[in-house]
>>> print(open('upload_28.cif').read())   # mmCIF, C-alpha atoms
data_start
loop_
_atom_site.group_PDB
_atom_site.id
_atom_site.type_symbol
_atom_site.label_atom_id
_atom_site.label_comp_id
_atom_site.auth_asym_id
_atom_site.auth_seq_id
_atom_site.Cartn_x
_atom_site.Cartn_y
_atom_site.Cartn_z
ATOM 1 C CA MET A 1 41.062 5.048 -38.193
ATOM 2 C CA LYS A 2 38.215 7.580 -37.774
ATOM 3 C CA GLN A 3 39.022 7.857 -34.072
ATOM 4 C CA SER A 4 42.703 8.555 -34.817
ATOM 5 C CA LEU A 5 41.790 11.146 -37.439
ATOM 6 C CA SER A 6 39.392 12.894 -35.046
ATOM 7 C CA LEU A 7 42.047 12.996 -32.337
ATOM 8 C CA PHE A 8 44.577 14.388 -34.817
ATOM 9 C CA LEU A 9 42.178 17.149 -35.925
ATOM 10 C CA LEU A 10 41.421 18.006 -32.302
ATOM 11 C CA VAL A 11 45.113 18.372 -31.523
ATOM 12 C CA VAL A 12 45.703 20.527 -34.624
ATOM 13 C CA LEU A 13 42.736 22.787 -33.894
ATOM 14 C CA PHE A 14 43.785 23.210 -30.287
ATOM 15 C CA LYS A 15 47.354 24.067 -31.280
ATOM 16 C CA THR A 16 46.362 26.620 -33.924
ATOM 17 C CA ASN A 17 43.510 28.301 -32.052
ATOM 18 C CA CYS A 18 44.706 28.179 -28.458
ATOM 19 C CA PHE A 19 46.503 31.522 -28.680
ATOM 20 C CA SER A 20 44.744 34.067 -30.894
ATOM 21 C CA GLN A 21 46.599 37.144 -29.623
ATOM 22 C CA TRP A 22 49.068 38.296 -26.966
ATOM 23 C CA MET A 23 47.697 37.140 -23.603
ATOM 24 C CA ILE A 24 48.335 39.297 -20.531
ATOM 25 C CA THR A 25 47.601 36.793 -17.782
ATOM 26 C CA SER A 26 48.909 38.248 -14.519
ATOM 27 C CA GLN A 27 49.561 41.536 -12.778
ATOM 28 C CA GLN A 28 52.544 39.989 -11.039
ATOM 29 C CA HIS A 29 54.572 39.562 -14.213
ATOM 30 C CA GLU A 30 56.223 41.649 -16.920
ATOM 31 C CA PHE A 31 55.314 40.389 -20.381
ATOM 32 C CA SER A 32 57.775 40.915 -23.206
ATOM 33 C CA ILE A 33 58.283 40.425 -26.932
ATOM 34 C CA ASP A 34 61.922 40.218 -28.027
ATOM 35 C CA PHE A 35 61.425 38.481 -31.413
ATOM 36 C CA ASP A 36 64.197 36.037 -30.429
ATOM 37 C CA SER A 37 61.968 33.522 -28.666
ATOM 38 C CA SER A 38 58.389 32.346 -29.131
ATOM 39 C CA VAL A 39 55.570 34.511 -27.810
ATOM 40 C CA PRO A 40 52.151 32.875 -28.201
ATOM 41 C CA GLY A 41 50.011 34.938 -30.552
ATOM 42 C CA ILE A 42 52.968 37.034 -31.801
ATOM 43 C CA ASN A 43 55.771 34.907 -33.232
ATOM 44 C CA GLU A 44 56.783 31.267 -33.512
ATOM 45 C CA GLY A 45 60.416 30.853 -32.571
ATOM 46 C CA ALA A 46 62.968 33.517 -33.441
ATOM 47 C CA PHE A 47 61.583 35.812 -36.129
ATOM 48 C CA VAL A 48 63.686 35.421 -39.264
ATOM 49 C CA GLY A 49 61.754 37.588 -41.701
ATOM 50 C CA SER A 50 59.976 34.699 -43.418
ATOM 51 C CA GLY A 51 56.428 36.031 -43.489
ATOM 52 C CA ILE A 52 53.329 36.290 -41.342
ATOM 53 C CA SER A 53 50.552 33.728 -40.956
ATOM 54 C CA PRO A 54 47.580 32.893 -38.689
ATOM 55 C CA ASN A 55 49.212 29.458 -38.310
ATOM 56 C CA PRO A 56 52.880 30.446 -38.314
ATOM 57 C CA LEU A 57 55.785 28.176 -39.067
ATOM 58 C CA VAL A 58 58.984 28.572 -37.065
ATOM 59 C CA GLY A 59 60.487 31.947 -37.924
ATOM 60 C CA GLN A 60 57.210 33.642 -38.839
ATOM 61 C CA LEU A 61 55.002 36.232 -37.171
ATOM 62 C CA ASN A 62 51.518 35.265 -35.997
ATOM 63 C CA SER A 63 48.814 37.351 -37.688
ATOM 64 C CA LYS A 64 46.321 36.444 -34.983
ATOM 65 C CA GLY A 65 48.100 38.907 -32.745
ATOM 66 C CA ILE A 66 49.988 41.236 -35.079
ATOM 67 C CA SER A 67 48.898 43.186 -38.157
ATOM 68 C CA ILE A 68 51.158 45.170 -40.485
ATOM 69 C CA VAL A 69 49.743 47.742 -42.888
ATOM 70 C CA GLY A 70 51.389 49.909 -45.536
ATOM 71 C CA PHE A 71 53.468 47.782 -47.913
ATOM 72 C CA SER A 72 53.075 47.804 -51.707
ATOM 73 C CA ASP A 73 52.315 44.063 -51.632
ATOM 74 C CA GLY A 74 49.157 44.859 -49.670
ATOM 75 C CA ASP A 75 48.136 45.009 -46.026
ATOM 76 C CA CYS A 76 48.300 42.077 -43.635
ATOM 77 C CA LEU A 77 45.283 42.401 -41.372
ATOM 78 C CA PHE A 78 44.602 40.094 -38.439
ATOM 79 C CA GLU A 79 44.215 36.428 -39.456
ATOM 80 C CA GLU A 80 45.671 37.026 -42.935
ATOM 81 C CA LEU A 81 48.630 35.327 -44.649
ATOM 82 C CA LYS A 82 51.611 36.986 -46.329
ATOM 83 C CA GLY A 83 54.355 34.592 -47.379
ATOM 84 C CA PRO A 84 58.120 34.864 -47.641
ATOM 85 C CA LYS A 85 58.129 35.895 -51.312
ATOM 86 C CA THR A 86 56.484 39.229 -50.551
ATOM 87 C CA ASP A 87 57.355 42.503 -48.815
ATOM 88 C CA PHE A 88 56.543 40.642 -45.576
ATOM 89 C CA GLY A 89 59.351 38.116 -45.986
ATOM 90 C CA ARG A 90 62.634 39.909 -46.714
ATOM 91 C CA GLY A 91 64.644 37.636 -44.437
ATOM 92 C CA ILE A 92 67.544 38.353 -42.071
ATOM 93 C CA SER A 93 69.845 41.343 -42.497
ATOM 94 C CA ALA A 94 72.340 43.403 -40.535
ATOM 95 C CA GLY A 95 70.967 46.567 -42.174
ATOM 96 C CA LYS A 96 71.849 48.875 -45.062
ATOM 97 C CA VAL A 97 69.359 47.179 -47.365
ATOM 98 C CA GLY A 98 67.668 48.689 -50.409
ATOM 99 C CA SER A 99 64.408 46.820 -51.005
ATOM 100 C CA GLY A 100 61.367 47.926 -49.045
ATOM 101 C CA GLY A 101 59.773 45.417 -46.726
ATOM 102 C CA LEU A 102 59.733 43.584 -43.435
ATOM 103 C CA TYR A 103 63.069 42.237 -42.161
ATOM 104 C CA ALA A 104 64.521 40.451 -39.168
ATOM 105 C CA PHE A 105 67.304 42.937 -38.482
ATOM 106 C CA ASN A 106 70.183 41.677 -36.374
ATOM 107 C CA THR A 107 71.007 44.793 -34.372
ATOM 108 C CA ASN A 108 73.904 43.354 -32.380
ATOM 109 C CA THR A 109 77.359 42.777 -33.880
ATOM 110 C CA GLU A 110 78.404 40.308 -31.168
ATOM 111 C CA VAL A 111 75.382 38.003 -30.790
ATOM 112 C CA LEU A 112 72.202 37.226 -32.708
ATOM 113 C CA ASP A 113 69.577 39.705 -31.548
ATOM 114 C CA TYR A 114 66.702 39.962 -33.994
ATOM 115 C CA ALA A 115 64.292 42.904 -34.127
ATOM 116 C CA LEU A 116 61.160 43.535 -36.171
ATOM 117 C CA GLY A 117 62.645 45.667 -38.933
ATOM 118 C CA ILE A 118 61.256 48.008 -41.553
ATOM 119 C CA GLN A 119 62.870 49.368 -44.695
ATOM 120 C CA SER A 120 60.533 52.007 -46.026
ATOM 121 C CA THR A 121 60.484 53.409 -49.557
ATOM 122 C CA GLY A 122 58.236 55.762 -51.478
ATOM 123 C CA ASP A 123 55.795 52.857 -51.980
ATOM 124 C CA ASP A 124 56.384 50.966 -48.734
ATOM 125 C CA PHE A 125 55.355 51.983 -45.232
ATOM 126 C CA THR A 126 55.088 55.744 -45.883
ATOM 127 C CA PRO A 127 52.783 55.745 -44.100
ATOM 128 C CA GLY A 128 52.410 52.370 -42.452
ATOM 129 C CA TYR A 129 51.854 50.853 -39.041
ATOM 130 C CA ILE A 130 52.468 47.835 -36.818
ATOM 131 C CA LEU A 131 49.470 46.830 -34.703
ATOM 132 C CA ILE A 132 49.556 44.358 -31.802
ATOM 133 C CA LYS A 133 46.365 42.876 -30.380
ATOM 134 C CA ALA A 134 46.416 41.872 -26.715
ATOM 135 C CA GLN A 135 43.830 40.494 -24.319
ATOM 136 C CA ASN A 136 43.425 40.992 -20.586
ATOM 137 C CA LYS A 137 43.263 37.444 -19.203
ATOM 138 C CA SER A 138 44.482 38.390 -15.721
ATOM 139 C CA GLY A 139 41.109 38.194 -14.004
ATOM 140 C CA SER A 140 41.391 41.852 -12.930
ATOM 141 C CA VAL A 141 40.505 45.162 -14.536
ATOM 142 C CA ILE A 142 43.566 46.937 -15.974
ATOM 143 C CA HIS A 143 43.713 50.641 -15.127
ATOM 144 C CA SER A 144 47.338 51.519 -15.816
ATOM 145 C CA LEU A 145 49.634 49.931 -18.393
ATOM 146 C CA ASN A 146 53.394 50.298 -18.061
ATOM 147 C CA LEU A 147 54.911 50.087 -21.524
ATOM 148 C CA SER A 148 58.489 50.201 -22.740
ATOM 149 C CA TYR A 149 60.156 49.319 -26.029
ATOM 150 C CA ASP A 150 63.361 49.796 -28.003
ATOM 151 C CA ILE A 151 63.689 51.561 -31.338
ATOM 152 C CA TYR A 152 66.781 50.836 -33.434
ATOM 153 C CA CYS A 153 67.764 53.160 -36.263
ATOM 154 C CA MET A 154 70.376 52.673 -38.988
ATOM 155 C CA ASN A 155 70.855 56.319 -39.950
ATOM 156 C CA ASP A 156 72.537 55.810 -43.304
ATOM 157 C CA GLN A 157 70.319 58.097 -45.408
ATOM 158 C CA GLY A 158 69.482 61.813 -45.523
ATOM 159 C CA ARG A 159 65.823 61.559 -44.655
ATOM 160 C CA SER A 160 64.095 61.693 -41.289
ATOM 161 C CA SER A 161 61.242 59.373 -40.273
ATOM 162 C CA SER A 162 58.693 59.384 -37.474
ATOM 163 C CA PHE A 163 57.745 56.308 -35.472
ATOM 164 C CA ASN A 164 54.997 57.133 -32.986
ATOM 165 C CA PHE A 165 52.895 55.127 -30.552
ATOM 166 C CA ALA A 166 49.146 55.136 -29.890
ATOM 167 C CA PHE A 167 46.837 53.029 -27.719
ATOM 168 C CA SER A 168 43.277 51.835 -28.227
ATOM 169 C CA SER A 169 40.782 49.761 -26.295
ATOM 170 C CA ASP A 170 38.434 49.266 -29.264
ATOM 171 C CA GLN A 171 40.642 49.355 -32.434
ATOM 172 C CA ILE A 172 38.624 52.396 -33.542
ATOM 173 C CA THR A 173 39.747 55.340 -31.439
ATOM 174 C CA PHE A 174 43.513 55.505 -30.948
ATOM 175 C CA ASN A 175 44.979 57.781 -28.307
ATOM 176 C CA PRO A 176 48.493 58.986 -29.213
ATOM 177 C CA VAL A 177 51.087 59.067 -26.436
ATOM 178 C CA THR A 178 52.976 62.090 -27.713
ATOM 179 C CA ASP A 179 55.526 62.076 -24.876
ATOM 180 C CA ILE A 180 57.217 59.098 -26.538
ATOM 181 C CA ASP A 181 57.098 60.262 -30.162
ATOM 182 C CA TYR A 182 60.260 59.384 -32.080
ATOM 183 C CA VAL A 183 61.875 61.136 -35.051
ATOM 184 C CA SER A 184 65.074 59.780 -36.577
ATOM 185 C CA PRO A 185 67.947 62.151 -37.500
ATOM 186 C CA GLU A 186 67.790 63.758 -40.928
ATOM 187 C CA LYS A 187 71.508 64.014 -41.549
ATOM 188 C CA ALA A 188 73.103 60.633 -42.219
ATOM 189 C CA ASP A 189 75.848 59.390 -39.885
ATOM 190 C CA LEU A 190 79.369 59.257 -41.295
ATOM 191 C CA SER A 191 79.770 55.677 -40.057
ATOM 192 C CA PRO A 192 76.228 54.305 -39.710
ATOM 193 C CA SER A 193 75.513 51.638 -37.121
ATOM 194 C CA TRP A 194 72.463 50.599 -35.151
ATOM 195 C CA GLN A 195 71.546 53.289 -32.619
ATOM 196 C CA LEU A 196 69.225 52.430 -29.730
ATOM 197 C CA THR A 197 66.487 54.640 -28.279
ATOM 198 C CA ASN A 198 64.345 53.350 -25.417
ATOM 199 C CA LYS A 199 60.816 54.643 -24.917
ATOM 200 C CA SER A 200 58.558 54.122 -21.904
ATOM 201 C CA ALA A 201 55.187 55.400 -20.717
ATOM 202 C CA ALA A 202 52.440 54.802 -18.163
ATOM 203 C CA ILE A 203 49.098 54.611 -19.963
ATOM 204 C CA GLN A 204 45.935 55.362 -18.009
ATOM 205 C CA THR A 205 43.065 53.275 -19.328
ATOM 206 C CA SER A 206 40.345 50.826 -18.371
ATOM 207 C CA VAL A 207 40.459 47.335 -19.851
ATOM 208 C CA GLY A 208 37.951 44.894 -18.424
ATOM 209 C CA VAL A 209 38.475 41.200 -17.817
ATOM 210 C CA ASP A 210 38.792 39.320 -21.140
ATOM 211 C CA GLU A 211 38.627 42.575 -23.112
ATOM 212 C CA PHE A 212 41.050 43.378 -25.917
ATOM 213 C CA PHE A 213 43.388 46.326 -26.320
ATOM 214 C CA TYR A 214 45.684 47.453 -29.119
ATOM 215 C CA LEU A 215 49.225 48.848 -29.379
ATOM 216 C CA ARG A 216 50.081 50.713 -32.591
ATOM 217 C CA TRP A 217 53.328 52.121 -33.977
ATOM 218 C CA THR A 218 52.876 54.397 -37.010
ATOM 219 C CA HIS A 219 55.717 55.269 -39.397
ATOM 220 C CA ASP A 220 55.940 58.069 -41.950
ATOM 221 C CA ASP A 221 58.359 60.485 -43.586
ATOM 222 C CA ALA A 222 59.270 63.471 -41.415
ATOM 223 C CA SER A 223 61.773 65.618 -43.317
ATOM 224 C CA GLY A 224 64.604 65.483 -45.826
ATOM 225 C CA THR A 225 64.804 63.857 -49.238
ATOM 226 C CA GLY A 226 66.154 60.744 -50.882
ATOM 227 C CA SER A 227 66.238 57.212 -49.520
ATOM 228 C CA ARG A 228 65.117 56.238 -46.022
ATOM 229 C CA ASP A 229 66.786 54.780 -42.935
ATOM 230 C CA GLU A 230 66.031 51.335 -41.544
ATOM 231 C CA LEU A 231 64.056 51.210 -38.311
ATOM 232 C CA ALA A 232 63.400 48.273 -36.000
ATOM 233 C CA LEU A 233 61.133 47.601 -33.017
ATOM 234 C CA ASP A 234 62.315 45.334 -30.211
ATOM 235 C CA ASN A 235 61.990 44.384 -26.534
ATOM 236 C CA ILE A 236 58.358 45.406 -26.060
ATOM 237 C CA LYS A 237 57.599 45.096 -22.339
ATOM 238 C CA LEU A 238 54.217 45.391 -20.679
ATOM 239 C CA SER A 239 52.999 45.234 -17.102
ATOM 240 C CA PHE A 240 49.915 46.644 -15.461
ATOM 241 C CA THR A 241 48.322 47.950 -12.300
ATOM 242 C CA SER A 242 45.039 46.524 -11.079
ATOM 243 C CA LEU A 243 42.833 48.854 -9.088
ATOM 244 C CA VAL A 244 41.888 48.331 -5.425
ATOM 245 C CA THR A 245 38.220 49.307 -5.170
ATOM 246 C CA ASN A 246 37.072 48.151 -1.747
ATOM 247 C CA THR A 247 39.131 50.432 0.464
ATOM 248 C CA GLU A 248 39.961 54.093 0.954
ATOM 249 C CA PHE A 249 43.573 53.261 1.760
ATOM 250 C CA ILE A 250 46.430 52.483 -0.587
ATOM 251 C CA LYS A 251 49.215 50.819 1.410
ATOM 252 C CA ASP A 252 48.229 53.143 4.331
ATOM 253 C CA GLU A 253 50.055 55.963 2.534
ATOM 254 C CA PHE A 254 47.192 57.891 0.979
ATOM 255 C CA ARG A 255 43.561 58.302 2.120
ATOM 256 C CA ILE A 256 40.617 59.910 0.339
ATOM 257 C CA THR A 257 37.209 60.764 1.793
ATOM 258 C CA PRO A 258 34.402 60.753 0.933
ATOM 259 C CA ASN A 259 34.266 58.413 -2.015
ATOM 260 C CA PRO A 260 31.797 58.647 -3.789
ATOM 261 C CA CYS A 261 31.973 62.438 -3.696
ATOM 262 C CA GLN A 262 30.027 65.346 -5.170
ATOM 263 C CA ASN A 263 32.142 68.473 -4.570
ATOM 264 C CA TYR A 264 35.356 68.302 -2.539
ATOM 265 C CA LEU A 265 37.507 65.214 -2.225
ATOM 266 C CA ASN A 266 39.589 65.339 0.966
ATOM 267 C CA TRP A 267 42.916 63.573 1.141
ATOM 268 C CA GLN A 268 45.648 62.754 3.640
ATOM 269 C CA SER A 269 49.060 61.316 2.946
ATOM 270 C CA SER A 270 51.887 59.953 5.052
ATOM 271 C CA LYS A 271 54.310 60.808 2.232
ATOM 272 C CA ASP A 272 55.046 64.055 0.407
ATOM 273 C CA VAL A 273 52.874 64.439 -2.687
ATOM 274 C CA LEU A 274 54.373 65.896 -5.861
ATOM 275 C CA SER A 275 51.199 66.009 -7.964
ATOM 276 C CA LEU A 276 47.632 64.771 -8.261
ATOM 277 C CA ARG A 277 46.251 63.861 -11.686
ATOM 278 C CA ILE A 278 42.672 62.997 -12.561
ATOM 279 C CA PHE A 279 41.895 60.891 -15.644
ATOM 280 C CA ASP A 280 38.522 59.980 -17.057
ATOM 281 C CA ILE A 281 37.705 56.323 -17.583
ATOM 282 C CA LYS A 282 39.141 56.469 -21.118
ATOM 283 C CA GLY A 283 42.508 57.602 -19.793
ATOM 284 C CA VAL A 284 42.192 61.263 -20.839
ATOM 285 C CA LEU A 285 43.810 63.712 -18.393
ATOM 286 C CA VAL A 286 41.110 66.121 -17.141
ATOM 287 C CA ASP A 287 42.874 67.877 -14.244
ATOM 288 C CA VAL A 288 46.322 68.117 -12.668
ATOM 289 C CA ILE A 289 47.449 69.755 -9.431
ATOM 290 C CA HIS A 290 51.194 70.288 -9.115
ATOM 291 C CA GLN A 291 52.698 70.438 -5.608
ATOM 292 C CA PRO A 292 49.281 70.604 -3.884
ATOM 293 C CA THR A 293 49.091 72.754 -0.768
ATOM 294 C CA ASN A 294 45.428 72.217 0.095
ATOM 295 C CA GLN A 295 44.216 68.911 1.479
ATOM 296 C CA TYR A 296 41.308 68.709 -0.917
ATOM 297 C CA VAL A 297 40.510 68.459 -4.621
ATOM 298 C CA ASN A 298 37.551 70.319 -6.110
ATOM 299 C CA ILE A 299 35.769 67.919 -8.469
ATOM 300 C CA THR A 300 32.570 69.988 -8.693
ATOM 301 C CA PRO A 301 33.072 70.883 -12.393
ATOM 302 C CA LEU A 302 33.434 67.239 -13.451
ATOM 303 C CA PRO A 303 30.449 65.362 -14.903
ATOM 304 C CA SER A 304 29.137 62.473 -12.844
ATOM 305 C CA GLY A 305 30.934 59.204 -13.420
ATOM 306 C CA TYR A 306 34.061 57.170 -12.689
ATOM 307 C CA TYR A 307 37.547 58.701 -12.643
ATOM 308 C CA LEU A 308 41.108 57.674 -11.822
ATOM 309 C CA LEU A 309 43.200 59.649 -9.357
ATOM 310 C CA GLN A 310 46.941 59.209 -9.840
ATOM 311 C CA VAL A 311 49.052 60.225 -6.875
ATOM 312 C CA VAL A 312 52.694 61.009 -7.671
ATOM 313 C CA PHE A 313 54.873 61.057 -4.565
ATOM 314 C CA VAL A 314 58.150 62.911 -4.178
ATOM 315 C CA GLY A 315 60.744 60.387 -5.293
ATOM 316 C CA GLY A 316 58.721 59.128 -8.250
ATOM 317 C CA GLU A 317 56.467 56.456 -6.700
ATOM 318 C CA THR A 318 52.852 56.480 -7.849
ATOM 319 C CA GLU A 319 49.523 55.108 -6.684
ATOM 320 C CA LEU A 320 46.237 54.890 -8.577
ATOM 321 C CA LEU A 321 42.757 55.096 -7.037
ATOM 322 C CA LYS A 322 39.272 55.003 -8.482
ATOM 323 C CA ILE A 323 36.988 57.891 -7.505
ATOM 324 C CA ILE A 324 33.269 58.247 -8.159
ATOM 325 C CA LYS A 325 31.737 61.677 -8.840
ATOM 326 C CA HIS A 326 28.013 61.892 -7.952
#
>>> encode(input="upload_28.cif", output="structure tokens")
Amino acid sequence: MKQSLSLFLLVVLFKTNCFSQWMITSQQHEFSIDFDSSVPGINEGAFVGSGISPNPLVGQLNSKGISIVGFSDGDCLFEELKGPKTDFGRGISAGKVGSGGLYAFNTNTEVLDYALGIQSTGDDFTPGYILIKAQNKSGSVIHSLNLSYDIYCMNDQGRSSSFNFAFSSDQITFNPVTDIDYVSPEKADLSPSWQLTNKSAAIQTSVGVDEFFYLRWTHDDASGTGSRDELALDNIKLSFTSLVTNTEFIKDEFRITPNPCQNYLNWQSSKDVLSLRIFDIKGVLVDVIHQPTNQYVNITPLPSGYYLLQVVFVGGETELLKIIKH
């Protein structure tokens, strides 16, 4: 009996602790969250608006990998539990709801297509944010994240809302990606229905093997008065670029010498170059050269350290190289 009980506890512990956040395990794969199917560390089965838990039942979010802050029933931080009879469990809806809270909005009139939905009010989610915790389990350092996601808006009210993205590698300092800021329309539609906006960005960063990183969407009032529209987040897709560090060539298309370098970085390319961008190791853009005519880059003013050189070719292709400033 003791042996059976021990085996049972081992199975339960393994099941509940195996996935503690969203695992990014390969650079050869695009990882996605659609809230219609299970994603370890994010949701168990199709999300049906029935709460959030560190040990989720079918239909719930997994608070080991997702945190939601800003509702009047309190914040749900990582590893916390908020049940279905709270703002975190408003259930399934097609939109045009009144009560503030977290919903599984069905944004498609033809098939079931659930999205992580928010109805904000004066007391709920103004401001508020959705935070996803991910871990680099790929075995390689991540230097560029390719992110895309869908925002659905039911513009049935005369108030505008913002829904903006920021990235962090430490959950302390968040870097906003302002190019993909979103603001919903202020004037209500005459015949409101779910309207889709897709956002995408390439995020320059440095996430080591087994390190965590964080994706945050912050919501707040923007303009107008009265009640607020419903918003929903869906189809979050993530892939990444791992850096080649043991060669001066990238697919024989672009060459840099010398590297490490102290003053002038020389380059040659077999393809036309549209721009050269230099990022520090935190992903902050420190220099950009549009349509370069000289075959060198002056890095003399930069402090010593590691940097990322992004090469943008005519036609839109990009390559990313690590450079070392002595």
>>> residues_around(input="upload_28.cif", residues="Phe240 in chain A", least_positions_apart="6", cutoff="6 Å", atoms="all atoms listed in the file", output="NGL selection string")
:A and (27 or 144-146)
>>> closest_atom_pairs(input="upload_28.cif", of="range 122-229 of chain A", to="range 285-307 of chain A", cutoff="12 Å", atoms="only C-alpha atoms", output="JSON lines")
{"residue": "A:His143", "atom": "CA", "partner": "A:Tyr307", "partner_atom": "CA", "distance": 10.4}
{"residue": "A:Asn175", "atom": "CA", "partner": "A:Leu285", "partner_atom": "CA", "distance": 11.6}
{"residue": "A:Val177", "atom": "CA", "partner": "A:Leu285", "partner_atom": "CA", "distance": 11.8}
{"residue": "A:Ile203", "atom": "CA", "partner": "A:Leu285", "partner_atom": "CA", "distance": 10.6}
{"residue": "A:Gln204", "atom": "CA", "partner": "A:Leu285", "partner_atom": "CA", "distance": 8.6}
{"residue": "A:Thr205", "atom": "CA", "partner": "A:Tyr307", "partner_atom": "CA", "distance": 10.2}
{"residue": "A:Ser206", "atom": "CA", "partner": "A:Tyr307", "partner_atom": "CA", "distance": 10.1}
>>> closest_residue(input="upload_28.cif", among="A:Gly101, A:Gly89, A:Gly208, A:Gly83", to="Lys137 in chain A", atoms="all atoms listed in the file")
A:Gly208
>>> residues_around(input="upload_28.cif", residues="Phe88 in chain A", least_positions_apart="2", cutoff="12 Å", atoms="only C-alpha atoms", output="PyMOL selection string")
chain A and resi 47-53+60-61+63+67-76+80-86+90-92+99-104+116-119+124-125
>>> resolve_selection(input="upload_28.cif", expression="the PyMOL selection byres ((chain A and resi 37-44) around 9)", output="PyMOL selection string")
chain A and resi 18-23+32-36+45-47+52+54+56-66+132-134
>>> resolve_selection(input="upload_28.cif", expression="the PyMOL selection byres ((chain A and resi 126) around 8)", output="list in words")
Gly70, Ser120, Thr121, Gly122, Asp123, Asp124, Phe125, Pro127, Gly128, His219, Asp220 and Asp221 of chain A
>>> atom_distance(input="upload_28.cif", atom1="CA of Ser227 in chain A", atom2="CA of Tyr182 in chain A")
18.6 Å
>>> resolve_selection(input="upload_28.cif", expression="the PyMOL selection byres ((chain A and resi 30) around 7)", output="VMD selection string")
chain A and resid 29 31 to 32 237 to 239
>>> residues_around(input="upload_28.cif", residues="Glu253 in chain A", least_positions_apart="5", cutoff="10 Å", atoms="all atoms listed in the file", output="PyMOL selection string")
chain A and resi 268-272+313+319
>>> atom_distance(input="upload_28.cif", atom1="CA of Ser162 in chain A", atom2="CA of Gln195 in chain A")
15.0 Å
>>> atom_distance(input="upload_28.cif", atom1="CA of Tyr149 in chain A", atom2="CA of Gln135 in chain A")
18.6 Å
>>> closest_residue(input="upload_28.cif", among="A:Lys199, A:Ile323, A:Ala115, A:Phe163", to="Ile256 in chain A", atoms="only C-alpha atoms")
A:Ile323
>>> closest_residue(input="upload_28.cif", among="A:Thr318, A:Asn164, A:Thr25, A:Ser275", to="Ser138 in chain A", atoms="all atoms listed in the file")
A:Thr25
>>> closest_residue(input="upload_28.cif", among="A:Leu309, A:Asn235, A:Asp156, A:Gly139", to="Ile24 in chain A", atoms="only C-alpha atoms")
A:Gly139
>>> residues_around(input="upload_28.cif", residues="Lys187 in chain A", least_positions_apart="3", cutoff="10 Å", atoms="all atoms listed in the file", output="mmCIF file with C-alpha atoms, keeping the file's coordinate frame")
data_model
loop_
_atom_site.group_PDB
_atom_site.id
_atom_site.type_symbol
_atom_site.label_atom_id
_atom_site.label_comp_id
_atom_site.auth_asym_id
_atom_site.auth_seq_id
_atom_site.Cartn_x
_atom_site.Cartn_y
_atom_site.Cartn_z
ATOM 1 C CA ASN A 155 70.855 56.319 -39.950
ATOM 2 C CA ASP A 156 72.537 55.810 -43.304
ATOM 3 C CA GLN A 157 70.319 58.097 -45.408
ATOM 4 C CA GLY A 158 69.482 61.813 -45.523
ATOM 5 C CA ARG A 159 65.823 61.559 -44.655
ATOM 6 C CA SER A 160 64.095 61.693 -41.289
ATOM 7 C CA SER A 184 65.074 59.780 -36.577
ATOM 8 C CA LEU A 190 79.369 59.257 -41.295
ATOM 9 C CA GLY A 224 64.604 65.483 -45.826
#
>>> closest_residue(input="upload_28.cif", among="A:Leu112, A:Leu320, A:Leu131, A:Val141", to="Val209 in chain A", atoms="only C-alpha atoms")
A:Val141
>>> axis_aligned_box(input="upload_28.cif", around="range 307-326 of chain A", padding_each_side="6 Å", output="lines of an AutoDock Vina configuration file")
center_x = 44.4
center_y = 58.9
center_z = -8.4
size_x = 44.7
size_y = 20.0
size_z = 20.5
>>> closest_residue(input="upload_28.cif", among="A:Asp150, A:Phe254, A:Trp267, A:Ser26", to="Leu231 in chain A", atoms="all atoms listed in the file")
A:Asp150
>>> decode(input="upload_28.cif", residues="range 105-125 of chain A", atoms="C-alpha atoms", output="tab-separated table (two decimals), in the first residue's frame")
chain	number	residue	atom	x	y	z
A	105	PHE	CA	-14.15	35.27	-26.09
A	106	ASN	CA	-15.22	33.33	-29.16
A	107	THR	CA	-14.10	35.70	-31.90
A	108	ASN	CA	-15.28	33.63	-34.86
A	109	THR	CA	-18.95	33.38	-35.87
A	110	GLU	CA	-18.43	30.19	-37.89
A	111	VAL	CA	-16.26	27.99	-35.65
A	112	LEU	CA	-15.17	27.93	-32.02
A	113	ASP	CA	-12.04	30.07	-31.77
A	114	TYR	CA	-11.35	31.14	-28.20
A	115	ALA	CA	-9.13	34.09	-27.28
A	116	LEU	CA	-7.92	35.41	-23.93
A	117	GLY	CA	-10.45	38.19	-23.42
A	118	ILE	CA	-10.66	41.25	-21.21
A	119	GLN	CA	-13.65	43.39	-20.32
A	120	SER	CA	-12.28	46.40	-18.49
A	121	THR	CA	-14.24	48.77	-16.26
A	122	GLY	CA	-13.36	51.66	-14.00
A	123	ASP	CA	-12.28	49.13	-11.34
A	124	ASP	CA	-10.99	46.35	-13.60
A	125	PHE	CA	-7.84	46.35	-15.72
